[in-house]
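Source file: entry-v3.txt; contents: compact mmCIF, C-alpha atoms.
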# COMPACT_ATOMS: atom_id res chain seq x y z
CA MET A 108 -37.83 -18.83 -17.74
CA SER A 109 -36.78 -15.32 -18.82
CA ASP A 110 -33.12 -14.35 -18.83
CA LYS A 111 -33.63 -11.84 -16.01
CA ARG A 112 -35.46 -14.42 -13.91
CA GLN A 113 -32.65 -16.93 -14.46
CA ARG A 114 -30.09 -14.33 -13.37
CA LEU A 115 -32.14 -13.47 -10.29
CA THR A 116 -32.52 -17.14 -9.39
CA ALA A 117 -28.77 -17.65 -9.78
CA LEU A 118 -28.17 -14.54 -7.64
CA ALA A 119 -30.53 -15.86 -4.96
CA ALA A 120 -28.71 -19.19 -4.95
CA ALA A 121 -25.33 -17.46 -4.63
CA ILE A 122 -26.59 -15.29 -1.76
CA ASP A 123 -28.00 -18.34 0.05
CA ALA A 124 -24.72 -20.22 -0.37
CA ALA A 125 -22.72 -17.24 0.92
CA THR A 126 -25.09 -16.83 3.88
CA ALA A 127 -24.79 -20.50 4.81
CA ALA A 128 -20.98 -20.29 4.64
CA LEU A 129 -20.98 -17.17 6.82
CA ASP A 130 -23.26 -18.88 9.37
CA ARG A 131 -20.74 -21.70 9.46
CA ALA A 132 -17.90 -19.15 9.89
CA LYS A 133 -19.75 -17.57 12.83
CA ALA A 134 -20.18 -20.97 14.47
CA GLU A 135 -16.46 -21.68 14.02
CA LEU A 136 -15.55 -18.28 15.51
CA HIS A 137 -17.68 -18.97 18.58
CA ALA A 138 -16.22 -22.47 18.92
CA ILE A 139 -12.67 -21.10 18.70
CA GLU A 140 -13.41 -18.42 21.26
CA ASP A 141 -14.90 -20.93 23.69
CA ARG A 142 -11.47 -22.57 23.99
CA ASN A 143 -9.03 -19.81 23.01
CA ARG A 144 -10.21 -16.45 24.30
CA HIS A 145 -6.79 -14.88 23.77
CA ILE A 146 -6.67 -15.55 20.02
CA MET A 147 -6.64 -12.33 17.99
CA LEU A 148 -7.50 -12.21 14.30
CA GLY A 149 -6.15 -9.08 12.63
CA GLY A 150 -6.23 -7.16 15.91
CA LYS A 151 -9.75 -8.34 16.74
CA GLY A 152 -11.09 -10.99 19.06
CA CYS A 153 -13.22 -13.82 17.68
CA SER A 154 -16.44 -12.26 18.97
CA GLU A 155 -15.60 -8.97 17.23
CA MET A 156 -14.99 -10.78 13.95
CA ALA A 157 -18.27 -12.68 14.48
CA ILE A 158 -20.04 -9.31 14.73
CA ASP A 159 -18.40 -8.24 11.43
CA VAL A 160 -19.53 -11.50 9.81
CA ARG A 161 -23.04 -10.93 11.14
CA GLY A 162 -23.00 -7.46 9.57
CA ILE A 163 -22.27 -8.98 6.16
CA THR A 164 -24.96 -11.61 6.72
CA ASN A 165 -27.49 -8.89 7.51
CA GLU A 166 -26.58 -7.04 4.29
CA LEU A 167 -27.08 -10.28 2.37
CA HIS A 168 -30.52 -10.75 3.97
CA VAL A 169 -31.51 -7.30 2.68
CA LEU A 170 -30.16 -8.13 -0.79
CA ARG A 171 -32.02 -11.46 -0.74
CA HIS A 172 -35.22 -9.65 0.19
CA HIS A 173 -34.84 -7.39 -2.86
CA VAL A 174 -34.30 -10.42 -5.11
CA ASN A 175 -37.33 -12.22 -3.60
CA THR A 176 -39.49 -9.15 -4.13
CA GLU A 177 -38.43 -8.93 -7.77
CA LEU A 178 -38.97 -12.66 -8.35
CA GLU A 179 -42.44 -12.54 -6.77
CA ARG A 180 -43.32 -9.47 -8.84
CA GLY A 181 -42.23 -11.32 -11.99
CA THR A 182 -44.38 -14.31 -11.03
CA ALA A 183 -47.40 -12.07 -10.39
CA ASN A 184 -46.93 -10.32 -13.76
CA ALA A 185 -46.65 -13.67 -15.55
CA GLU A 186 -49.95 -14.78 -13.97
CA MET B 47 -28.17 -20.42 -18.76
CA PRO B 48 -30.56 -23.37 -18.30
CA SER B 49 -32.43 -23.54 -14.99
CA GLU B 50 -31.14 -27.12 -14.56
CA GLU B 51 -27.75 -25.65 -13.61
CA ILE B 52 -29.24 -24.26 -10.42
CA PRO B 53 -29.57 -26.98 -7.76
CA ARG B 54 -33.17 -27.57 -6.71
CA ARG B 55 -32.30 -27.35 -3.03
CA ILE B 56 -31.25 -23.69 -3.21
CA ASP B 57 -34.08 -22.56 -5.46
CA ARG B 58 -37.00 -21.39 -3.29
CA GLN B 59 -39.38 -21.88 -6.21
CA ARG B 60 -38.63 -25.62 -6.18
CA MET B 61 -38.18 -26.29 -2.43
CA ASN B 62 -40.78 -28.52 -0.78
CA MET B 63 -42.91 -27.45 2.20
CA ALA B 64 -40.48 -28.82 4.79
CA GLU B 65 -37.51 -27.00 3.27
CA LEU B 66 -39.50 -23.75 3.07
CA ALA B 67 -40.66 -24.13 6.68
CA ILE B 68 -37.08 -24.67 7.90
CA SER B 69 -35.93 -21.66 5.82
CA GLU B 70 -38.62 -19.59 7.54
CA ALA B 71 -37.48 -20.88 10.94
CA ILE B 72 -33.90 -19.82 10.09
CA ALA B 73 -35.09 -16.34 9.09
CA VAL B 74 -37.11 -15.98 12.32
CA THR B 75 -34.19 -17.23 14.45
CA GLU B 76 -31.91 -14.63 12.83
CA THR B 77 -34.25 -11.89 14.11
CA VAL B 78 -34.17 -13.11 17.73
CA GLY B 79 -30.77 -11.59 18.47
CA ALA B 80 -26.99 -12.02 18.31
CA ASP B 81 -25.70 -14.89 20.42
CA PRO B 82 -23.49 -17.96 19.82
CA ARG B 83 -26.41 -20.23 20.81
CA LEU B 84 -28.60 -18.62 18.16
CA THR B 85 -25.82 -19.06 15.58
CA ASP B 86 -25.66 -22.74 16.60
CA ALA B 87 -29.43 -22.94 16.10
CA VAL B 88 -29.12 -21.46 12.59
CA VAL B 89 -26.34 -23.88 11.66
CA LEU B 90 -28.33 -26.84 13.03
CA LEU B 91 -31.46 -25.72 11.16
CA SER B 92 -29.40 -25.36 7.96
CA ALA B 93 -28.14 -28.91 8.46
CA ALA B 94 -31.75 -30.07 8.95
CA ARG B 95 -32.78 -28.39 5.69
CA ASP B 96 -29.81 -30.00 3.91
CA SER B 97 -30.86 -33.38 5.28
CA VAL B 98 -34.42 -32.95 4.00
CA ALA B 99 -32.97 -31.90 0.62
CA ASP B 100 -30.77 -35.02 0.63
CA TYR B 101 -33.91 -37.12 1.10
CA VAL B 102 -35.82 -35.29 -1.66
CA ASP B 103 -32.86 -35.40 -4.08
CA GLY B 104 -32.07 -39.04 -3.29
CA VAL B 105 -28.63 -38.34 -1.84
CA PRO B 106 -27.73 -41.38 0.30
CA ILE B 107 -25.67 -39.70 3.05
CA ARG B 108 -26.10 -39.04 6.77
CA ARG B 109 -25.08 -35.69 8.20
CA GLY B 110 -23.03 -34.94 11.33
CA VAL B 111 -23.75 -31.50 12.75
CA THR B 112 -21.81 -31.30 16.01
CA ILE B 113 -18.83 -28.99 16.40
CA GLU B 114 -16.11 -30.22 18.73
CA ALA B 115 -13.88 -27.61 20.36
CA ALA B 116 -10.72 -29.20 21.76
CA PRO B 117 -7.54 -27.64 23.17
CA GLY B 118 -4.05 -27.92 21.64
CA PRO B 119 -2.31 -26.41 18.58
CA ALA B 120 -3.43 -29.12 16.17
CA HIS B 121 -7.09 -28.62 17.04
CA ARG B 122 -6.69 -24.85 16.96
CA ILE B 123 -5.18 -25.05 13.47
CA ALA B 124 -7.98 -27.40 12.36
CA GLN B 125 -10.62 -25.01 13.67
CA LEU B 126 -8.93 -21.98 12.12
CA ASN B 127 -8.69 -23.85 8.81
CA GLN B 128 -12.42 -24.57 8.93
CA LEU B 129 -13.04 -20.89 9.59
CA ARG B 130 -10.78 -19.87 6.69
CA GLU B 131 -12.51 -22.34 4.37
CA ALA B 132 -15.95 -21.02 5.36
CA LEU B 133 -14.86 -17.44 4.67
CA GLU B 134 -13.37 -18.47 1.30
CA LYS B 135 -16.54 -20.35 0.38
CA ALA B 136 -18.61 -17.28 1.21
CA SER B 137 -16.30 -15.12 -0.89
CA ASN B 138 -16.51 -17.52 -3.85
CA SER B 139 -20.31 -17.50 -3.62
CA LEU B 140 -20.28 -13.71 -3.63
CA GLU B 141 -18.17 -13.78 -6.80
CA LEU B 142 -20.94 -15.86 -8.38
CA ALA B 143 -23.42 -13.28 -7.10
CA VAL B 144 -21.51 -10.46 -8.84
CA ASN B 145 -21.42 -12.52 -12.05
CA ALA B 146 -25.19 -13.00 -11.83
CA ILE B 147 -25.81 -9.29 -11.18
CA ARG B 148 -23.56 -7.97 -13.98
CA PRO B 149 -25.84 -8.80 -16.98
CA ILE B 150 -28.99 -7.45 -15.25
CA ASP B 151 -29.77 -4.07 -16.80
CA GLU B 152 -32.99 -3.18 -14.93
CA PRO B 153 -33.51 -2.22 -11.27
CA VAL B 154 -34.09 -5.08 -8.84
CA ALA B 155 -36.95 -4.06 -6.50
CA GLY B 156 -35.94 -0.45 -7.09
CA ARG B 157 -32.25 -1.04 -6.47
CA ARG B 158 -29.73 -0.37 -9.23
CA PRO B 159 -27.77 -3.51 -10.23
CA ASP B 160 -24.45 -1.65 -10.40
CA ASN B 161 -24.95 -0.43 -6.80
CA MET B 162 -25.75 -3.98 -5.73
CA ALA B 163 -22.57 -5.24 -7.40
CA VAL B 164 -20.49 -2.58 -5.62
CA ALA B 165 -22.01 -3.57 -2.26
CA VAL B 166 -21.19 -7.23 -2.85
CA ARG B 167 -17.63 -6.36 -3.90
CA VAL B 168 -17.18 -4.43 -0.62
CA MET B 169 -18.36 -7.54 1.27
CA ARG B 170 -15.80 -9.63 -0.64
CA ARG B 171 -13.05 -7.15 0.24
CA ASP B 172 -13.98 -7.39 3.93
CA LEU B 173 -14.02 -11.19 3.74
CA ALA B 174 -10.59 -11.17 2.07
CA ALA B 175 -9.18 -9.11 4.98
CA MET B 176 -10.71 -11.56 7.47
CA THR B 177 -9.30 -14.54 5.57
CA THR B 178 -5.82 -12.98 5.63
CA SER B 179 -6.09 -12.41 9.39
CA VAL B 180 -7.11 -16.02 9.96
CA GLN B 181 -4.27 -17.31 7.76
CA LEU B 182 -1.75 -15.19 9.70
CA GLN B 183 -3.06 -16.71 12.95
CA ILE B 184 -2.78 -20.22 11.47
CA ASP B 185 0.85 -19.49 10.56
CA LYS B 186 1.49 -18.13 14.06
CA VAL B 187 0.02 -21.18 15.82
CA PHE B 188 1.87 -23.48 13.41
CA ASN B 189 5.23 -21.80 14.09
CA ASN B 190 4.82 -21.31 17.87
CA GLY B 191 2.76 -24.39 18.75
Give the structure from this file in C-alpha cells form.
Amino acid sequence: MSDKRQRLTALAAAIDAATAALDRAKAELHAIEDRNRHIMLGGKGCSEMAIDVRGITNELHVLRHHVNTELERGTANAE
Amino acid sequence: MPSEEIPRRIDRQRMNMAELAISEAIAVTETVGADPRLTDAVVLLSAARDSVADYVDGVPIRRGVTIEAAPGPAHRIAQLNQLREALEKASNSLELAVNAIRPIDEPVAGRRPDNMAVAVRVMRRDLAAMTTSVQLQIDKVFNNG
C-alpha cells in the first residue's frame, strides 16, 4: 500500500470514527431534550446544538466523499 | 505506517458485504431528513454494523443499543456526561484526521490538503465550544441539583 493510500485510509477511518461519535452526540442531545426542554447549552437549546452537530456531520460526509473518490481513483490506476 | 494499525471494521476496503450494506443504509438514512427518529435510526444501524463487525472479528460481546431518558439531576448529569464524552471522542478523532492529512502533499479529489486541514480544525474549534457549554451545564446541575 502506498504512503498516500495509507494516509487516506487512516483519514477515512478518523472521519468515520468522528461521524459515529457525532451521531451518538446527536442522539444524546435528543434524549436530553425529551426530558429537559429548558436546558440551555451555551445559550442554545439541545435541538439547536443538534443542528450544529448535524452541520459538522454533513461537512464530514463531504470530506469522506473526497477521500473515497481519491481512494477509488488510486485503485483504478493500480489496476 | 503499516495497514495493520487500521482496524478492519473501519476500513471500507476490508468490510464484508453486510457491513457495506449497513453503511449504505446509514448514508441513505442521513439523506432522508433531520429528525430525532432518523438520528436514532442511524445510531441503531451503526450498532448493527458494529455487531456484525464483532462477529467477523471474533469479539465475544453483546451490544445494548437503547437510550434511557430518566428525570432527576443524577440522570441529567449522566446524560450530559455521555454527550460531553461523545463530543470529546469526535474531537479526538478529528485530531487524528488532521495528523493523517498533514503529510499528504497532493490534492485529494481536487481539494488542497491544507484547506482540508483548516476545515477540520474549524470543526474541532466548534466542538470544543460545545464541550465547554456542556461542561458548564454539568457544573450547574451538580451545584443546583
What does the distance between atom CA of Asn175 of chain A and atom CA of Asp100 of chain B come to in Å, to one decimal place?
24.1 Å
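What separates atom CA of Thr176 of chain A from atom CA of Val154 of chain B is a distance of 8.2 Å.
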Considering all atoms listed in the file, state which residue in the set A:Ala125, A:Ala185, A:His172, A:His145 is at the smallest distance from chain B.
A:Ala125
For Pro82 of chain B, find every residue with an atom within 10 Å (counting all atoms listed in the file), except residues of its own chain fewer than 2 positions away, and show them as a list in words.
Lys133, Ala134, Glu135, Leu136, His137, Ala138, Asp141, Ser154 and Ala157 of chain A; Gly79, Ala80, Leu84, Thr85, Asp86, Ala87 and Val88 of chain B
Near chain B, which residues of chain A fall within 6 Å when you count all atoms listed in the file, and what do they look like as JSON, numbers by chain?
{"A": [114, 118, 120, 121, 125, 128, 132, 135, 138, 148, 149, 173, 177]}
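Nearest to Leu91 of chain B of all the residues B:Met63, B:Ile68, B:Pro119, B:Asn190 is B:Ile68, counting only C-alpha atoms.
The space separating atom CA of Glu166 of chain A from atom CA of Glu179 of chain A comes to 20.1 Å.
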